[in-house]
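One file, start.txt, carrying compact mmCIF, C-alpha atoms and all ligand atoms:
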# COMPACT_ATOMS: atom_id res chain seq x y z
CA MET G 1 0.00 0.00 0.00
CA PHE G 2 2.89 2.35 0.74
CA TYR G 3 4.09 1.85 -2.84
CA ILE G 4 0.60 2.31 -4.27
CA ARG G 5 0.17 5.53 -2.32
CA THR G 6 3.54 7.05 -3.11
CA ALA G 7 4.58 5.81 -6.56
CA ASP G 8 4.06 7.91 -9.66
CA LYS G 9 1.54 6.79 -12.28
CA LEU G 10 2.78 3.62 -14.04
CA GLN G 11 6.04 3.75 -12.10
CA ARG G 12 7.57 0.31 -11.65
CA THR G 13 8.64 -0.81 -8.18
CA ALA G 14 12.32 -0.86 -9.20
CA ARG G 15 12.29 2.80 -10.26
CA TRP G 16 10.19 3.69 -7.22
CA ILE G 17 12.58 2.18 -4.67
CA GLU G 18 15.54 3.81 -6.47
CA GLN G 19 13.96 7.20 -6.08
CA LEU G 20 12.60 6.71 -2.56
CA PRO G 21 14.62 8.94 -0.19
CA GLY G 22 16.47 6.60 2.15
CA GLY G 23 15.88 3.63 -0.14
CA LEU G 24 15.30 0.15 1.22
CA ALA G 25 16.43 1.02 4.73
CA TYR G 26 13.83 3.76 4.96
CA LEU G 27 11.16 1.47 3.56
CA LYS G 28 11.93 -1.11 6.26
CA GLU G 29 11.56 1.55 8.92
CA VAL G 30 8.19 2.60 7.53
CA VAL G 31 6.59 -0.80 7.06
CA LEU G 32 8.33 -2.88 9.75
CA GLU G 33 8.95 -0.34 12.48
CA ASP G 34 6.03 1.97 11.77
CA ARG G 35 8.28 5.01 11.72
CA LEU G 36 5.49 7.17 10.29
CA GLY G 37 2.71 5.68 12.39
CA ILE G 38 0.72 4.74 9.33
CA CYS G 39 0.93 0.95 9.40
CA ALA G 40 -2.57 0.52 10.81
CA SER G 41 -3.93 2.71 8.05
CA LEU G 42 -1.96 0.81 5.40
CA GLU G 43 -3.27 -2.48 6.77
CA ALA G 44 -6.84 -1.20 6.66
CA GLN G 45 -6.43 0.03 3.12
CA MET G 46 -4.94 -3.29 2.06
CA GLN G 47 -7.82 -5.16 3.67
CA GLU G 48 -10.30 -2.95 1.83
CA LEU G 49 -8.49 -3.69 -1.42
CA VAL G 50 -8.56 -7.43 -0.77
CA ASP G 51 -12.22 -7.36 0.26
CA SER G 52 -13.28 -5.44 -2.83
CA PHE G 53 -11.31 -7.57 -5.29
CA PHE G 54 -13.24 -9.70 -7.71
CA ASP G 55 -12.40 -11.56 -10.88
CA GLU G 56 -13.89 -9.49 -13.71
CA TRP G 57 -13.47 -12.26 -16.26
CA ALA G 58 -15.20 -14.87 -14.08
CA GLU G 59 -18.03 -12.38 -13.58
CA ALA G 60 -18.28 -11.75 -17.33
CA ILE G 61 -18.46 -15.44 -18.16
CA ALA G 62 -21.10 -16.04 -15.48
CA ASP G 63 -23.32 -13.23 -16.79
CA PRO G 64 -24.96 -14.23 -20.10
CA ALA G 65 -25.56 -10.58 -21.06
CA ILE G 66 -21.87 -9.72 -20.69
CA ALA G 67 -20.65 -13.01 -22.12
CA ALA G 68 -22.73 -12.34 -25.24
CA LYS G 69 -20.60 -9.27 -25.92
CA PHE G 70 -17.57 -11.52 -26.40
CA ARG G 71 -19.05 -13.66 -29.15
CA GLN G 72 -17.09 -13.47 -32.37
CA PHE G 73 -20.17 -12.55 -34.38
CA ALA G 74 -23.17 -10.52 -33.33
CA ASN G 75 -25.63 -12.49 -35.46
CA THR G 76 -24.69 -16.08 -34.62
CA ASP G 77 -22.92 -18.28 -32.08
CA GLU G 78 -20.91 -19.85 -34.86
CA GLY G 79 -17.27 -18.93 -35.21
CA LEU G 80 -14.62 -18.73 -37.91
CA GLU G 81 -10.85 -18.97 -37.56
CA GLY G 82 -9.16 -16.10 -39.35
CA VAL G 83 -5.63 -17.39 -38.93
CA GLU G 84 -3.96 -20.79 -38.70
CA THR G 85 -1.78 -21.73 -35.76
CA GLU G 86 1.58 -23.45 -35.61
CA LYS G 87 3.91 -24.88 -32.97
CA ASP G 88 6.86 -22.83 -31.83
CA ARG G 89 9.07 -23.88 -28.90
CA ASP G 90 6.37 -26.39 -27.87
CA GLN G 91 3.70 -23.72 -27.81
CA SER G 92 0.86 -22.98 -30.17
CA ARG G 93 0.71 -19.48 -31.65
CA PRO G 94 -0.94 -17.82 -34.66
CA VAL G 95 1.21 -17.96 -37.77
CA TYR G 96 3.18 -14.80 -38.48
CA TRP G 97 1.83 -12.01 -40.66
CA PRO G 98 1.62 -12.88 -44.36
CA ARG G 99 4.34 -11.67 -46.68
CA ASP G 100 2.04 -9.88 -49.09
CA ALA G 101 -1.00 -7.67 -48.75
CA ALA G 102 -4.19 -8.56 -50.59
CA THR G 103 -4.21 -5.96 -53.34
CA GLU G 104 -7.34 -7.11 -55.17
CA ASP G 105 -9.78 -4.39 -56.13
CA PHE G 106 -12.20 -5.15 -53.31
CA ALA G 107 -13.82 -1.73 -53.59
CA GLY G 108 -14.77 -2.51 -57.18
CA LEU G 109 -16.71 -5.62 -56.17
CA ARG G 110 -19.90 -3.60 -55.73
CA ASP G 111 -19.91 -2.98 -59.49
CA ARG G 112 -19.07 -6.58 -60.36
CA TRP G 113 -21.59 -8.64 -58.38
CA SER G 114 -23.87 -10.56 -60.74
CA SER G 115 -26.86 -9.52 -58.61
CA THR G 116 -27.62 -8.17 -55.16
CA SER G 117 -30.60 -8.30 -52.83
CA TRP G 118 -31.46 -6.82 -49.45
CA GLN G 119 -30.94 -9.37 -46.71
CA PRO G 120 -31.69 -9.01 -42.96
CA VAL G 121 -28.64 -9.65 -40.82
CA ILE G 122 -29.25 -8.36 -37.29
CA GLU G 123 -31.79 -6.67 -35.05
CA ALA G 124 -31.47 -2.89 -35.04
CA SER G 125 -31.74 -2.88 -31.24
CA TYR G 126 -28.16 -4.15 -31.17
CA PHE G 127 -27.09 -0.61 -32.06
CA ALA G 128 -29.08 1.11 -29.31
CA GLY G 129 -27.22 4.16 -28.04
CA ALA G 130 -24.84 4.24 -31.00
CA ASP G 131 -25.66 7.82 -31.90
CA ASP G 132 -24.51 9.03 -28.50
CA MET G 133 -21.05 7.54 -28.90
CA PRO G 134 -18.26 9.06 -30.99
CA ASN G 135 -17.27 5.67 -32.38
CA GLY G 136 -20.85 4.50 -32.85
CA VAL G 137 -21.53 0.80 -32.33
CA SER G 138 -20.04 -1.91 -34.53
CA ALA G 139 -20.89 -5.55 -35.17
CA ALA G 140 -19.05 -8.43 -36.78
CA ILE G 141 -21.47 -10.30 -39.03
CA LYS G 142 -21.13 -13.83 -40.39
CA ARG G 143 -22.72 -14.54 -43.74
CA GLY G 144 -21.86 -17.98 -45.09
CA ASP G 145 -18.07 -18.18 -44.85
CA THR G 146 -17.69 -14.42 -45.12
CA GLN G 147 -17.05 -11.99 -42.30
CA LEU G 148 -18.58 -8.53 -42.58
CA ALA G 149 -18.31 -5.40 -40.44
CA LEU G 150 -21.34 -3.25 -39.74
CA TRP G 151 -21.48 0.12 -37.99
CA ARG G 152 -24.06 2.61 -36.93
CA VAL G 153 -22.40 6.01 -36.71
CA LYS G 154 -24.22 9.30 -36.21
CA GLY G 155 -27.53 7.90 -37.36
CA ARG G 156 -26.25 6.07 -40.44
CA TYR G 157 -25.29 2.48 -41.16
CA TYR G 158 -22.13 1.42 -42.97
CA ALA G 159 -21.07 -2.08 -43.95
CA THR G 160 -17.78 -3.43 -45.29
CA GLN G 161 -15.78 -6.60 -45.42
CA GLN G 162 -14.27 -7.50 -42.05
CA MET G 163 -10.83 -8.31 -43.43
CA CYS G 164 -8.20 -5.61 -43.59
CA PRO G 165 -6.32 -6.42 -46.79
CA HIS G 166 -3.01 -5.11 -45.45
CA LYS G 167 -2.19 -8.29 -43.49
CA ARG G 168 -5.50 -10.07 -43.94
CA ALA G 169 -6.60 -9.50 -40.36
CA PHE G 170 -10.33 -9.94 -39.74
CA ALA G 171 -10.57 -6.97 -37.46
CA LEU G 172 -12.11 -3.89 -39.04
CA SER G 173 -15.18 -3.88 -36.81
CA ASP G 174 -12.80 -3.40 -33.88
CA GLY G 175 -11.21 -0.29 -35.40
CA LEU G 176 -11.72 3.34 -34.52
CA ILE G 177 -13.99 5.57 -36.57
CA GLY G 178 -12.69 8.89 -37.88
CA GLN G 179 -14.37 11.61 -39.85
CA ASP G 180 -12.94 14.64 -41.58
CA VAL G 181 -14.56 17.97 -41.05
CA PRO G 182 -16.01 18.96 -44.46
CA SER G 183 -14.22 21.84 -46.12
CA SER G 184 -16.18 25.01 -46.84
CA SER G 185 -16.37 24.12 -50.55
CA SER G 186 -18.26 20.94 -49.75
CA SER G 187 -20.04 21.93 -46.58
CA CYS G 188 -23.31 22.34 -48.46
CA SER G 189 -23.52 18.56 -48.51
CA GLY G 190 -22.44 18.04 -44.94
CA ALA G 191 -25.86 16.97 -43.73
CA ALA G 192 -26.20 14.39 -46.45
CA ASN G 193 -24.40 11.10 -46.61
CA ALA G 194 -22.39 9.13 -49.13
CA ASN G 195 -24.85 6.24 -48.83
CA ASP G 196 -27.37 8.48 -50.55
CA ALA G 197 -25.12 8.82 -53.57
CA ARG G 198 -24.63 5.06 -53.82
CA ASN G 199 -28.34 4.42 -53.43
CA GLY G 200 -29.22 6.03 -56.70
CA GLU G 201 -28.34 9.70 -56.75
CA LYS G 202 -26.50 10.86 -59.82
CA GLU G 203 -23.27 12.76 -59.66
CA GLU G 204 -23.74 16.28 -60.98
CA THR G 205 -20.88 18.53 -61.84
CA GLN G 206 -20.74 21.50 -59.54
CA GLY G 207 -17.75 23.51 -60.55
CA GLU G 208 -14.72 21.30 -60.13
CA VAL G 209 -16.20 19.14 -57.34
CA THR G 210 -19.17 16.85 -57.90
CA GLU G 211 -21.80 16.77 -55.20
CA ALA G 212 -21.34 13.02 -54.68
CA ALA G 213 -17.58 13.49 -54.36
CA ALA G 214 -18.15 16.15 -51.74
CA LYS G 215 -20.41 13.78 -49.80
CA THR G 216 -17.82 11.03 -50.02
CA ALA G 217 -15.21 13.40 -48.59
CA ALA G 218 -17.37 13.79 -45.49
CA ALA G 219 -17.98 10.05 -45.02
CA PRO G 220 -16.36 8.45 -41.98
CA TRP G 221 -13.42 6.13 -42.26
CA ILE G 222 -12.40 3.09 -40.26
CA SER G 223 -8.87 2.76 -38.97
CA CYS G 224 -7.65 -0.83 -38.79
CA PRO G 225 -6.63 -1.59 -35.19
CA PHE G 226 -3.39 -3.24 -36.26
CA HIS G 227 -1.35 -0.86 -38.44
CA LYS G 228 -3.81 1.97 -38.96
CA ARG G 229 -4.70 1.66 -42.60
CA ASN G 230 -7.70 3.99 -42.95
CA TYR G 231 -10.58 2.96 -45.18
CA ASP G 232 -13.36 5.21 -46.40
CA LEU G 233 -16.63 3.58 -45.29
CA SER G 234 -18.38 4.89 -48.37
CA SER G 235 -16.01 4.21 -51.25
CA GLY G 236 -13.83 1.53 -49.63
CA ALA G 237 -10.69 3.38 -50.73
CA CYS G 238 -7.69 3.25 -48.43
CA ARG G 239 -6.65 6.78 -47.57
CA ASN G 240 -3.06 6.03 -46.67
CA ASP G 241 -2.20 3.10 -48.95
CA ASP G 242 -3.20 3.37 -52.59
CA ALA G 243 -2.69 -0.35 -53.18
CA LEU G 244 -5.47 -1.33 -50.80
CA SER G 245 -9.25 -1.09 -50.72
CA ILE G 246 -12.19 -2.84 -49.11
CA ALA G 247 -15.62 -3.92 -50.30
CA THR G 248 -18.51 -1.81 -49.07
CA PHE G 249 -22.21 -2.63 -48.94
CA ASP G 250 -25.38 -0.61 -48.64
CA ALA G 251 -27.04 -0.94 -45.25
CA GLU G 252 -30.31 0.31 -43.83
CA GLU G 253 -32.69 -0.17 -40.92
CA ARG G 254 -36.28 -1.02 -41.73
CA ALA G 255 -39.60 -0.76 -39.97
CA ASP G 256 -39.52 -4.46 -39.05
CA GLY G 257 -36.70 -3.65 -36.61
CA LEU G 258 -33.97 -5.36 -38.62
CA VAL G 259 -30.88 -4.04 -40.34
CA TYR G 260 -30.57 -5.08 -43.97
CA LEU G 261 -27.49 -5.32 -46.16
CA ARG G 262 -27.53 -5.36 -49.94
CA LEU G 263 -25.48 -8.46 -50.65
CA PRO G 264 -24.70 -10.73 -53.58
CA PRO G 265 -25.62 -14.45 -53.48
CA VAL G 266 -23.76 -16.11 -50.61
CA GLU G 267 -21.70 -18.35 -52.93
CA GLU G 268 -20.50 -15.31 -54.84
CA LEU G 269 -19.78 -13.46 -51.61
CA ASP G 270 -17.76 -16.39 -50.27
CA ALA G 271 -15.85 -16.78 -53.52
CA ALA G 272 -14.69 -13.19 -53.25
CA LEU G 273 -14.37 -12.66 -49.50
CA GLY G 274 -14.66 -16.09 -47.82
CA THR G 275 -12.63 -16.70 -44.67
CA SER G 276 -11.20 -19.98 -45.90
CA LYS G 277 -9.86 -18.15 -48.95
CA TRP G 278 -8.21 -15.28 -47.09
CA LYS G 279 -7.29 -16.56 -43.66
CA VAL G 280 -3.58 -16.44 -43.00
CA LYS G 281 -2.05 -19.88 -43.46
CA LYS G 282 1.23 -21.57 -42.75
CA GLY G 283 3.64 -20.62 -45.50
CA ASP G 284 2.15 -17.16 -46.02
CA ALA G 285 4.57 -15.60 -43.55
CA GLU G 286 7.39 -13.33 -44.48
CA GLY G 287 10.83 -14.91 -44.20
CA GLU G 288 11.78 -17.15 -41.29
CA GLY G 289 10.00 -15.30 -38.49
CA PRO G 290 10.84 -12.26 -36.37
CA PHE G 291 12.91 -14.10 -33.75
CA ALA G 292 15.12 -16.22 -35.98
CA GLU G 293 17.85 -13.59 -36.26
CA LEU G 294 17.78 -13.00 -32.49
CA ASP G 295 17.93 -16.75 -31.81
CA ARG G 296 21.02 -17.00 -34.02
CA LYS G 297 22.60 -13.99 -32.36
CA ILE G 298 22.24 -15.36 -28.84
CA GLY G 299 22.88 -18.96 -29.88
CA PHE G 300 19.43 -20.08 -28.74
CA LYS G 301 19.09 -23.82 -29.00
CA GLY G 302 15.72 -24.36 -27.39
CA ARG G 303 15.25 -26.20 -24.11
CA ARG G 304 18.77 -27.44 -23.73
CA ALA G 305 18.27 -28.62 -20.16
CA LYS G 306 15.68 -31.21 -21.16
CA LYS G 307 16.32 -34.51 -22.78
CA PRO G 308 14.24 -35.16 -25.87
CA GLY G 309 11.04 -36.99 -25.04
CA VAL G 310 10.84 -35.91 -21.39
CA ARG G 311 7.35 -34.61 -20.77
CA PRO G 312 6.65 -31.61 -18.54
CA VAL G 313 5.23 -32.51 -15.13
CA GLY G 314 1.58 -31.48 -15.09
CA ASP G 315 -0.93 -30.63 -12.40
CA LEU G 316 1.51 -29.75 -9.66
CA PRO G 317 -0.57 -28.83 -6.61
CA MET G 318 -0.21 -25.38 -5.09
CA ARG G 319 1.56 -25.56 -1.75
CA ARG G 320 -0.54 -22.77 -0.28
CA PRO G 321 -4.16 -21.85 -0.98
CA VAL G 322 -4.45 -19.18 -3.60
CA GLU G 323 -6.50 -17.07 -1.20
CA VAL G 324 -3.39 -16.34 0.82
CA MET G 325 -1.70 -14.85 -2.23
CA ALA G 326 -4.51 -13.21 -4.12
CA GLY G 327 -7.16 -12.53 -1.56
CA GLY G 328 -9.64 -15.10 -2.89
CA GLY G 329 -9.05 -14.01 -6.45
CA CYS G 330 -8.89 -15.66 -9.82
CA GLY G 331 -6.80 -18.58 -8.64
CA GLY G 332 -4.15 -18.40 -11.33
CA ALA G 333 -1.22 -17.07 -9.33
CA PRO G 334 1.66 -19.49 -8.85
CA GLU G 335 3.68 -19.39 -5.66
CA TRP G 336 7.12 -17.91 -6.14
S1 LIG I 401 -3.66 -5.57 -40.79
FE1 LIG I 401 -2.20 -4.01 -41.05
S2 LIG I 401 -3.40 -2.21 -41.16
FE2 LIG I 401 -4.84 -3.77 -40.97
Here is a file; write its structure as structure tokens.
Amino acid sequence: MFYIRTADKLQRTARWIEQLPGGLAYLKEVVLEDRLGICASLEAQMQELVDSFFDEWAEAIADPAIAAKFRQFANTDEGLEGVETEKDRDQSRPVYWPRDAATEDFAGLRDRWSSTSWQPVIEASYFAGADDMPNGVSAAIKRGDTQLALWRVKGRYYATQQMCPHKRAFALSDGLIGQDVPSSSSSCSGAANANDARNGEKEETQGEVTEAAAKTAAAPWISCPFHKRNYDLSSGACRNDDALSIATFDAEERADGLVYLRLPPVEELDAALGTSKWKVKKGDAEGEGPFAELDRKIGFKGRRAKKPGVRPVGDLPMRRPVEVMAGGGCGGAPEW
């Protein structure tokens, strides 16, 4: 408690004790000899901390309403693996990033589908409160083998593919929304939305800037949570990497309380955007992996102290109850 009360924000204990006037000797005087007369207070504060501790993850799993927020997809309990795993030093991990980005013209798919139809994908109530939040509310949607991302932002719906083509990460619904402030030359269209242009409005030349182009400029963009490629939610263009783009889809809420997407037939959708086609697989990685050079440099040879074939000893019992260490907590703390 003395450390918690006196350390700077995010200051590690090592730096804290280095900077504590009097160092370790002073600390012993404070906590063992009660030099400052605060030990009873520190004990009480520690007890309060222990008494108020609870395992947030255990609580989340036990509460169906919270657990539902951690489903992969908002419209189904089914799941899809977006990346293969492989063994490394006896442990399973996702394969490394792929060597190449997916540079297909995903944005152009909307003009190449053989046909499209409006299809309900999720209840609109899922997005309750979205308009009060700067990032809106997003949902990952599963359709066949394809993963889609759907947002409600400032009263409008936007839908795209879920995969960021940079490293083929299925993550766009977890990104942050951004929106440029319209310039004065296009502010006349600020209240409108790019979806309107896609839904049938014609572009009309207005000086050098078309009205639809001005609307597109005001459309929000999604920033991939991994390496911050920014995609226009209207056009699908990547704003900071010309080689990349994403597929976008029209989306709207209807009186039946459902959100609809205008999608191609599911087979066609899967052929273009299916998870099994794009998920990162063994062999897609760049080079020999990020740690190979380091392993060579330090002469790493794996678990040299173990003979081949010797299995790790499992299920060693804890020598003391976890409660002693973690105050009745999550139960995962080893004794060392
Ligand atoms: S995976 Fe790299 S920016 Fe999205």
**Item:** Exercise answer, 7 Å around ligand LIG 401 (chain I) with all atoms listed in the file, as a PyMOL selection string
**Value:** chain G and resi 164-169+224-229
**Request:** Tell me which protein, DNA and RNA residues are within 7 Å of stretch 101-116 of chain G, counting only C-alpha atoms, leaving out same-chain ones fewer than 5 positions away, and put them as a VMD selection string.
**Result:** chain G and resid 165 to 168 235 to 237 243 to 248 262 to 265
Write out as a CSV table (one decimal) with C-alpha atoms, keeping the file's coordinate frame each polymer residue whose atoms come within 12 Å of G:Cys39, counting only C-alpha atoms; drop sequence neighbours fewer than 3 positions from it.
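Written out: around37.csv:
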chain,number,residue,atom,x,y,z
G,1,MET,CA,0.0,0.0,0.0
G,2,PHE,CA,2.9,2.4,0.7
G,27,LEU,CA,11.2,1.5,3.6
G,28,LYS,CA,11.9,-1.1,6.3
G,29,GLU,CA,11.6,1.6,8.9
G,30,VAL,CA,8.2,2.6,7.5
G,31,VAL,CA,6.6,-0.8,7.1
G,32,LEU,CA,8.3,-2.9,9.8
G,33,GLU,CA,9.0,-0.3,12.5
G,34,ASP,CA,6.0,2.0,11.8
G,35,ARG,CA,8.3,5.0,11.7
G,36,LEU,CA,5.5,7.2,10.3
G,42,LEU,CA,-2.0,0.8,5.4
G,43,GLU,CA,-3.3,-2.5,6.8
G,44,ALA,CA,-6.8,-1.2,6.7
G,45,GLN,CA,-6.4,0.0,3.1
G,46,MET,CA,-4.9,-3.3,2.1
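In this comparison, which uses only C-alpha atoms, the residue of G:Gln161, G:Phe70, G:Glu86, G:Ser125 approaching G:Trp57 most closely is G:Phe70.
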**Selection near stretch 273-283 of chain G, 7 Å with all atoms listed in the file, sequence-local residues under 4 positions removed, as a list in words** = Gly82, Val83, Glu84, Val95, Pro98, Asp145, Thr146, Gln147, Arg168 and Leu269 of chain G
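Atom CA of G:Val153 is found 19.1 Å from atom CA of G:Arg239.
Counting all atoms listed in the file and comparing G:Ser138, G:Arg89, G:Asp256, G:Leu150, the residue that lies closest to G:Phe300 is G:Arg89.
Taking atom CA of G:Trp118 as the reference point, atom CA of G:Asp270 is found at 16.7 Å.
What separates atom CA of G:Asn135 from atom CA of G:Leu176 is a distance of 6.4 Å.
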